[in-house]
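Next up, upload-v2.csv (CSV, C-alpha atoms):
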```csv
chain,number,residue,atom,x,y,z
A,20,MET,CA,60.4,97.7,29.1
A,21,SER,CA,56.7,97.6,28.6
A,22,ASP,CA,54.3,100.4,29.7
A,23,SER,CA,52.8,98.1,32.4
A,24,GLU,CA,56.2,97.4,33.9
A,25,ASN,CA,57.0,101.2,34.0
A,26,ALA,CA,53.6,101.9,35.7
A,27,SER,CA,54.3,99.2,38.2
A,28,GLN,CA,57.7,100.6,39.1
A,29,ALA,CA,56.2,104.1,39.5
A,30,GLU,CA,53.6,102.7,41.9
A,31,THR,CA,56.2,100.8,44.0
A,32,ALA,CA,58.7,103.7,44.3
A,33,PRO,CA,58.3,105.8,47.4
A,34,PRO,CA,56.9,109.3,46.7
A,35,ALA,CA,59.3,112.3,46.5
A,36,ASN,CA,58.0,113.9,49.7
A,37,GLU,CA,58.8,110.6,51.6
A,38,ASP,CA,62.4,110.8,50.4
A,39,ALA,CA,62.6,114.4,51.6
A,40,LEU,CA,61.2,113.3,55.0
A,41,ALA,CA,63.8,110.5,55.2
A,42,THR,CA,66.6,112.9,54.3
A,43,ALA,CA,65.4,115.4,57.0
A,44,ALA,CA,65.2,112.5,59.5
A,45,LEU,CA,68.7,111.4,58.7
A,46,GLU,CA,70.0,115.0,59.1
A,47,THR,CA,68.3,115.2,62.5
A,48,ILE,CA,69.9,111.8,63.5
A,49,GLN,CA,73.3,113.1,62.3
A,50,ASP,CA,72.9,116.3,64.4
A,51,THR,CA,71.9,114.3,67.5
A,52,MET,CA,74.8,111.9,66.9
A,53,ASP,CA,77.3,114.8,66.6
A,54,GLN,CA,75.9,116.3,69.9
A,55,PHE,CA,76.3,112.9,71.5
A,56,MET,CA,79.9,112.6,70.4
A,57,ALA,CA,80.7,116.0,71.6
A,58,THR,CA,79.1,115.3,75.1
A,59,ALA,CA,81.3,112.3,75.8
A,60,ASP,CA,84.6,114.0,76.2
A,61,VAL,CA,87.2,114.3,78.9
A,62,ASN,CA,85.1,116.7,81.0
A,63,ALA,CA,82.6,113.8,81.5
A,64,VAL,CA,85.4,111.7,83.1
A,65,PHE,CA,86.7,114.2,85.6
A,66,GLY,CA,84.1,116.0,87.6
A,67,GLU,CA,84.0,119.4,89.3
A,68,THR,CA,86.7,119.9,92.0
A,69,ILE,CA,85.5,119.9,95.6
A,70,LYS,CA,87.3,121.9,98.2
A,71,HIS,CA,86.7,120.5,101.7
A,72,GLN,CA,88.6,121.0,105.0
A,73,GLY,CA,91.9,121.9,103.3
A,74,ASN,CA,91.6,119.1,100.8
A,75,LEU,CA,91.0,119.3,97.0
A,76,ILE,CA,88.9,116.4,95.8
A,77,LEU,CA,88.6,115.6,92.1
A,78,PRO,CA,86.3,112.6,91.2
A,79,ALA,CA,87.1,110.4,88.2
A,80,ALA,CA,84.6,108.2,86.6
A,81,GLU,CA,84.4,105.8,83.6
A,82,VAL,CA,81.7,106.9,81.2
A,83,VAL,CA,80.3,104.7,78.4
A,84,SER,CA,77.8,106.1,75.9
A,85,ILE,CA,76.0,104.1,73.4
A,86,MET,CA,73.6,105.4,70.8
A,87,GLY,CA,71.9,104.0,67.7
A,88,PHE,CA,69.2,105.0,65.2
A,89,GLY,CA,67.5,103.4,62.3
A,90,ILE,CA,65.0,104.5,59.7
A,91,GLY,CA,63.3,102.7,56.9
A,92,SER,CA,60.6,103.2,54.3
A,93,GLY,CA,58.8,101.1,51.8
A,94,SER,CA,55.9,100.8,49.6
A,95,GLY,CA,53.9,98.0,48.1
A,96,VAL,CA,51.0,97.3,45.7
A,97,SER,CA,48.5,94.6,45.5
A,98,GLU,CA,45.6,94.1,43.1
A,99,ASP,CA,43.2,96.3,45.2
A,100,ASN,CA,45.5,98.5,47.3
A,101,LYS,CA,48.7,100.4,47.1
A,102,GLY,CA,50.5,102.1,50.0
A,103,SER,CA,53.7,103.3,51.4
A,104,GLY,CA,55.1,104.1,54.8
A,105,SER,CA,58.2,105.0,56.7
A,106,GLY,CA,59.3,104.8,60.2
A,107,GLY,CA,62.3,105.1,62.5
A,108,GLY,CA,63.5,104.6,65.9
A,109,GLY,CA,66.5,105.1,68.1
A,110,GLY,CA,67.8,104.8,71.6
A,111,GLY,CA,70.8,105.4,73.7
A,112,ASN,CA,72.2,105.3,77.1
A,113,THR,CA,75.1,106.6,79.1
A,114,PHE,CA,76.6,104.7,82.0
A,115,ALA,CA,79.0,106.2,84.5
A,116,ARG,CA,80.9,104.5,87.3
A,117,PRO,CA,83.2,106.1,89.8
A,118,VAL,CA,86.7,104.8,89.5
A,119,ALA,CA,88.8,106.9,91.8
A,120,VAL,CA,89.1,110.2,93.6
A,121,ILE,CA,92.2,112.4,93.5
A,122,VAL,CA,92.9,114.0,96.8
A,123,ALA,CA,95.3,116.9,97.1
A,124,ASN,CA,96.3,118.2,100.6
A,125,ASP,CA,99.3,119.2,102.6
A,126,GLN,CA,100.8,115.7,102.3
A,127,GLY,CA,100.7,115.8,98.5
A,128,VAL,CA,98.5,114.4,95.8
A,129,GLN,CA,97.1,110.9,96.1
A,130,VAL,CA,94.9,108.7,93.9
A,131,LYS,CA,92.4,106.7,96.0
A,132,PRO,CA,90.6,104.0,94.1
A,133,ILE,CA,86.9,103.3,94.5
A,134,VAL,CA,85.9,99.7,94.8
A,135,ASP,CA,82.4,98.7,93.9
A,136,PHE,CA,81.8,95.7,96.1
A,137,THR,CA,78.3,95.0,94.6
A,138,LYS,CA,79.9,94.4,91.2
A,139,ILE,CA,82.6,92.2,92.7
A,140,TYR,CA,80.1,90.1,94.6
A,141,LEU,CA,77.9,89.7,91.5
A,142,THR,CA,81.0,88.6,89.5
A,143,ALA,CA,82.1,86.2,92.2
A,144,PHE,CA,78.6,84.6,92.6
A,145,THR,CA,78.2,84.3,88.8
A,146,THR,CA,81.6,82.7,88.4
A,147,LEU,CA,80.9,80.4,91.3
A,148,ALA,CA,77.6,79.3,89.8
A,149,PHE,CA,79.3,78.6,86.5
A,150,VAL,CA,82.0,76.5,88.0
A,151,THR,CA,79.6,74.6,90.3
A,152,SER,CA,77.2,73.8,87.4
A,153,ALA,CA,80.1,72.7,85.2
A,154,TRP,CA,81.5,70.5,88.1
A,155,LEU,CA,78.1,68.9,88.7
A,156,ARG,CA,77.7,68.2,85.0
A,157,MET,CA,81.1,66.6,84.8
A,158,ARG,CA,80.4,64.5,87.9
A,159,ARG,CA,77.2,63.2,86.2
A,160,GLY,CA,79.4,62.4,83.2
A,161,LYS,CA,77.5,64.6,80.7
B,4,MET,CA,87.6,102.8,65.7
B,5,LEU,CA,89.7,105.4,67.5
B,6,LEU,CA,91.7,105.5,70.7
B,7,GLN,CA,92.8,108.9,71.8
B,8,ASP,CA,94.2,110.6,74.9
B,9,SER,CA,92.9,113.9,76.1
B,10,ASN,CA,94.0,116.3,78.8
B,11,HIS,CA,91.6,118.0,81.2
B,12,PRO,CA,92.5,121.6,81.9
B,13,PRO,CA,95.0,121.7,84.8
B,14,VAL,CA,93.8,122.3,88.4
B,15,LYS,CA,96.0,124.5,90.6
B,16,TRP,CA,96.0,123.9,94.3
B,17,ARG,CA,98.6,125.2,96.8
B,18,GLY,CA,101.4,125.3,94.4
B,19,TYR,CA,100.5,121.9,92.9
B,20,GLU,CA,99.4,121.7,89.3
B,21,ILE,CA,97.2,118.6,88.6
B,22,SER,CA,96.6,117.7,84.9
B,23,PRO,CA,94.2,114.8,84.6
B,24,VAL,CA,94.5,112.5,81.6
B,25,ALA,CA,91.7,110.5,80.1
B,26,GLN,CA,91.5,108.0,77.3
B,27,ALA,CA,88.6,107.7,74.9
B,28,PHE,CA,87.7,104.7,72.7
B,29,ARG,CA,85.4,105.7,69.9
B,30,PHE,CA,83.6,103.1,67.8
B,31,VAL,CA,81.4,104.6,65.2
B,32,PRO,CA,80.9,102.1,62.4
B,33,SER,CA,78.0,104.0,60.8
B,34,PRO,CA,76.4,107.4,61.1
B,35,GLN,CA,73.5,105.7,62.8
B,36,PHE,CA,75.4,104.0,65.6
B,37,GLY,CA,78.1,105.0,68.0
B,38,MET,CA,79.8,104.0,71.2
B,39,ILE,CA,82.2,106.0,73.3
B,40,TRP,CA,84.1,104.6,76.2
B,41,ASN,CA,85.9,107.3,78.3
B,42,ARG,CA,88.1,106.3,81.2
B,43,PRO,CA,90.6,108.1,83.4
B,44,VAL,CA,94.2,107.0,82.8
B,45,GLY,CA,96.2,109.1,85.3
B,46,ILE,CA,97.2,112.5,86.5
B,47,ARG,CA,100.3,114.5,85.9
B,48,VAL,CA,101.3,116.4,89.0
B,49,GLN,CA,103.7,119.3,89.1
B,50,THR,CA,104.9,119.9,92.6
B,51,PRO,CA,105.8,123.4,94.1
B,52,GLN,CA,109.4,122.3,93.7
B,53,SER,CA,108.8,122.0,89.9
B,54,GLU,CA,109.1,118.2,89.9
B,55,THR,CA,106.7,116.4,87.6
B,56,GLN,CA,105.3,113.0,88.5
B,57,TYR,CA,102.8,110.8,86.9
B,58,LEU,CA,100.2,108.9,89.0
B,59,PRO,CA,98.3,106.2,87.2
B,60,ILE,CA,94.6,105.6,87.9
B,61,TYR,CA,93.8,101.9,88.2
B,62,ASP,CA,90.2,100.6,88.0
B,63,LEU,CA,90.5,98.3,91.0
B,64,THR,CA,86.9,97.0,90.6
B,65,ARG,CA,87.6,95.9,87.0
B,66,ILE,CA,91.0,94.3,87.9
B,67,ILE,CA,89.3,92.3,90.7
B,68,GLN,CA,86.5,91.3,88.4
B,69,ILE,CA,88.9,90.1,85.7
B,70,MET,CA,91.0,88.2,88.3
B,71,ILE,CA,87.8,86.4,89.6
B,72,ILE,CA,86.7,85.5,86.1
B,73,LEU,CA,90.2,84.2,85.1
B,74,SER,CA,90.5,82.2,88.2
B,75,GLY,CA,87.1,80.7,87.6
B,76,LEU,CA,88.0,79.7,84.1
B,77,LEU,CA,91.3,78.3,85.3
B,78,PHE,CA,89.5,76.2,87.9
B,79,PHE,CA,87.0,75.1,85.2
B,80,PHE,CA,89.8,73.9,82.9
B,81,PHE,CA,91.5,72.2,85.8
B,82,LEU,CA,88.3,70.3,86.7
B,83,LYS,CA,87.8,69.4,83.0
B,84,GLY,CA,91.3,67.9,82.8
B,85,PHE,CA,90.9,66.2,86.1
B,86,PHE,CA,87.6,64.5,85.1
B,87,LYS,CA,89.0,63.5,81.7
B,88,ARG,CA,92.0,61.8,83.3
B,89,SER,CA,89.9,60.0,85.9
B,90,LYS,CA,87.6,58.6,83.1
B,91,ALA,CA,90.6,57.3,81.1
```
What do you get writing this file as structure tokens?
Amino acid sequence: MSDSENASQAETAPPANEDALATAALETIQDTMDQFMATADVNAVFGETIKHQGNLILPAAEVVSIMGFGIGSGSGVSEDNKGSGSGGGGGGNTFARPVAVIVANDQGVQVKPIVDFTKIYLTAFTTLAFVTSAWLRMRRGK
Amino acid sequence: MLLQDSNHPPVKWRGYEISPVAQAFRFVPSPQFGMIWNRPVGIRVQTPQSETQYLPIYDLTRIIQIMIILSGLLFFFFLKGFFKRSKA
């Protein structure tokens, strides 16, 4: 390998402190990810018990957590300039939806489901729109 | 990908012991991405007479949604077949 090629490789490689920064960022991401994984456990599904008029109520919900991160770095050289940079980003969300309540009283323990009518109406209207548009297209012979 | 059942600490109430059971679906393909889906599965109840029974928790909203979508698809395929036959 010639000297000029070696010099070019040295210029395009990211500096050592950037590698250290990237490693630190990855460690932070890993810590955040571990905390996120620990948060989404069984205690998130069943809520705090409520005692009301001789009843014990235990709410149950479905919990979905999604999280993602990404980092990158790079460098480049041209005839006049050389430069490098790094960046990262991430995002996440947690959705919770009540599924049922567990009621315990003198008559025993019962599971009472919770029905989300808004979601059902939305599903029904979307399905109806899909079937209607398909039917219209078939009638037109497309 | 991991599917695991976990038990909530039992709740005691007037001689009843209620142990909720949850199921977690973990999908962590890389250290940078993860998804966890936790859902309640049922409860184990121990009565004051020391009888144990299991009560499942059904997600009625999801069951109705799936039924609507499946019936819509079924109707779509029926229409498709009907129009195909009428053209022939």
Could you list the residues in chain B lying within 9 Å of chain A, using only C-alpha atoms, and format the result as number ranges by chain?
B: 8-12, 14, 16-17, 19, 21, 23-27, 29, 34-43, 45-46, 48, 50, 58-65, 67-69, 71-72, 74-76, 78-79, 82-83, 86
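One finds CA of Gly66 (chain A) at 16.4 Å from CA of Arg47 (chain B).
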A straight line from CA of Phe28 (chain B) to CA of Gln56 (chain B) spans 25.1 Å
For a cutoff of 12 Å around the file-coordinate point (64.5, 111.2, 56.8), which residues qualify once you count only C-alpha atoms? I'd like the result as a PyMOL selection string.
chain A and resi 35-49+88-92+104-108
Computed gap from CA of Ser22 (chain B) to CA of Met4 (chain B) is 25.9 Å
